[in-house]
Amino acid sequence: MTQKKDIRSEVRCRIKLLSGSEMAAAAESIFSKIEQLDIFGKADCIALFAAMNDEVPTAVALDRWPQLGKRVVVPRVEGDIMRFYDYSPEQMRTGAFGILEPEGDNECRPEEIDLIIVPARAFTRAGERLGRGGGFYDKYMSKAEFRASKVGIAFECQIFDSLPCDLHDIRVDHVVTE
């Protein structure tokens with residue numbers, strides 16, 4: 001199974017086998033582990049995403065991290081680029097690809113982000129990632145002014161020994177599973 005589309009399909013099947021309660025428990029475990037990392041403690045501004053139904057649910061962190069004094073920013077796709085804006089639950093609307101996105105206009109510049117939580121279809125423990133195919137995170141994280149620590153989150157069933165990677169694929173620094 002070396003083709004990216006085959007891996008994406010396999011992961012979709014694996015995630016469908018997880019119950020809602022298993023996904024919620026995994027999310028709580030994952031975000032609790034992240035909160036124990038030094039990079040989390042030092043981070044003032046954290047980039048997070050509003051999860052789709054086949055991703056690690058991020059609602060628990062979106063709710064909790066601002067209460068811990070963190071500035072949380074979430075992405076909005078604008079054409080073929082992605083930008084991050086301050087998170088406010090009442091300003092989230094369905095946007096590109098059916099994903100909840102912020103409506104606000106307080107953009108966060110890449111150099112302001114200390115920690116970014118990165119989604120993917122699959123990861124290796126070494127930080128290689130296979131996204132959904134749009135390249136939005138790769139483009140964003142390859143900006144010269146972007147310097148944040150990168151943490152990938154995934155269910156254990158999304159971890160592979162190896163993945164096909166291209167030169168433009170950006171690795172994450174840490175991968176956290178349940």
# chains A, B, ... in the order shown; residues from 1 in each chain; ligands from 1
>>> select_by_dssp(residues="range 27-148 of chain A", states="helix (DSSP H, G or I)", output="MDAnalysis selection string")
chainID A and resid 27:35 38:42 59:67 89:91 96:98 110:112 136:141
>>> residues_around(residues="Asp161 in chain A", least_positions_apart="4", cutoff="9 Å", atoms="only C-alpha atoms", output="VMD selection string")
chain A and resid 123 to 126
>>> atom_distance(atom1="CA of Arg93 in chain A", atom2="CA of Asp63 in chain A")
16.3 Å
>>> closest_atom_pairs(of="range 57-97 of chain A", to="range 20-23 of chain A", cutoff="12 Å", atoms="only C-alpha atoms", output="tab-separated table")
residue	atom	partner	partner_atom	distance
A:Pro57	CA	A:Met23	CA	7.0
A:Thr58	CA	A:Met23	CA	10.4
A:Ala59	CA	A:Met23	CA	11.7
A:Val60	CA	A:Met23	CA	11.6
>>> atom_distance(atom1="CA of Arg83 in chain A", atom2="CA of Lys143 in chain A")
11.6 Å
>>> atom_distance(atom1="CA of Ile30 in chain A", atom2="CA of Val175 in chain A")
9.7 Å
>>> residues_around(residues="range 94-101 of chain A", least_positions_apart="3", cutoff="7 Å", atoms="only C-alpha atoms", output="list in words")
Ala50, Met52, Pro75, Arg76 and Val77 of chain A
>>> write_last_selection(atoms="all heavy atoms", output="JSON list (two decimals), in the first residue's frame")
[["chain", "number", "residue", "atom", "x", "y", "z"],
["A", 50, "ALA", "N", -10.79, 23.26, 13.62],
["A", 50, "ALA", "CA", -12.11, 22.71, 13.94],
["A", 50, "ALA", "C", -12.20, 21.39, 13.18],
["A", 50, "ALA", "O", -12.16, 21.37, 11.95],
["A", 50, "ALA", "CB", -13.21, 23.66, 13.51],
["A", 52, "MET", "N", -13.13, 17.86, 11.41],
["A", 52, "MET", "CA", -14.18, 17.22, 10.63],
["A", 52, "MET", "C", -14.58, 15.96, 11.38],
["A", 52, "MET", "O", -13.89, 15.53, 12.31],
["A", 52, "MET", "CB", -13.66, 16.93, 9.22],
["A", 52, "MET", "CG", -13.29, 18.20, 8.47],
["A", 52, "MET", "SD", -12.49, 17.88, 6.87],
["A", 52, "MET", "CE", -13.82, 17.18, 5.94],
["A", 75, "PRO", "N", -7.92, 28.04, 11.36],
["A", 75, "PRO", "CA", -7.71, 28.39, 9.95],
["A", 75, "PRO", "C", -9.00, 28.70, 9.20],
["A", 75, "PRO", "O", -10.07, 28.21, 9.52],
["A", 75, "PRO", "CB", -7.08, 27.11, 9.39],
["A", 75, "PRO", "CG", -7.65, 26.02, 10.22],
["A", 75, "PRO", "CD", -7.80, 26.61, 11.60],
["A", 76, "ARG", "N", -8.81, 29.53, 8.18],
["A", 76, "ARG", "CA", -9.86, 29.79, 7.20],
["A", 76, "ARG", "C", -9.20, 29.69, 5.83],
["A", 76, "ARG", "O", -8.15, 30.30, 5.59],
["A", 76, "ARG", "CB", -10.46, 31.18, 7.41],
["A", 76, "ARG", "CG", -11.58, 31.51, 6.41],
["A", 76, "ARG", "CD", -12.35, 32.74, 6.82],
["A", 76, "ARG", "NE", -11.59, 33.96, 6.61],
["A", 76, "ARG", "CZ", -11.72, 35.07, 7.35],
["A", 76, "ARG", "NH1", -12.58, 35.10, 8.36],
["A", 76, "ARG", "NH2", -11.01, 36.13, 7.09],
["A", 77, "VAL", "N", -9.82, 28.93, 4.95],
["A", 77, "VAL", "CA", -9.31, 28.78, 3.58],
["A", 77, "VAL", "C", -9.89, 29.91, 2.75],
["A", 77, "VAL", "O", -11.10, 30.13, 2.72],
["A", 77, "VAL", "CB", -9.69, 27.40, 3.00],
["A", 77, "VAL", "CG1", -9.32, 27.31, 1.53],
["A", 77, "VAL", "CG2", -9.00, 26.29, 3.80]]
>>> closest_residue(among="A:Leu115, A:Ala26, A:Lys33, A:Gly41", to="Val73 in chain A", atoms="only C-alpha atoms")
A:Leu115
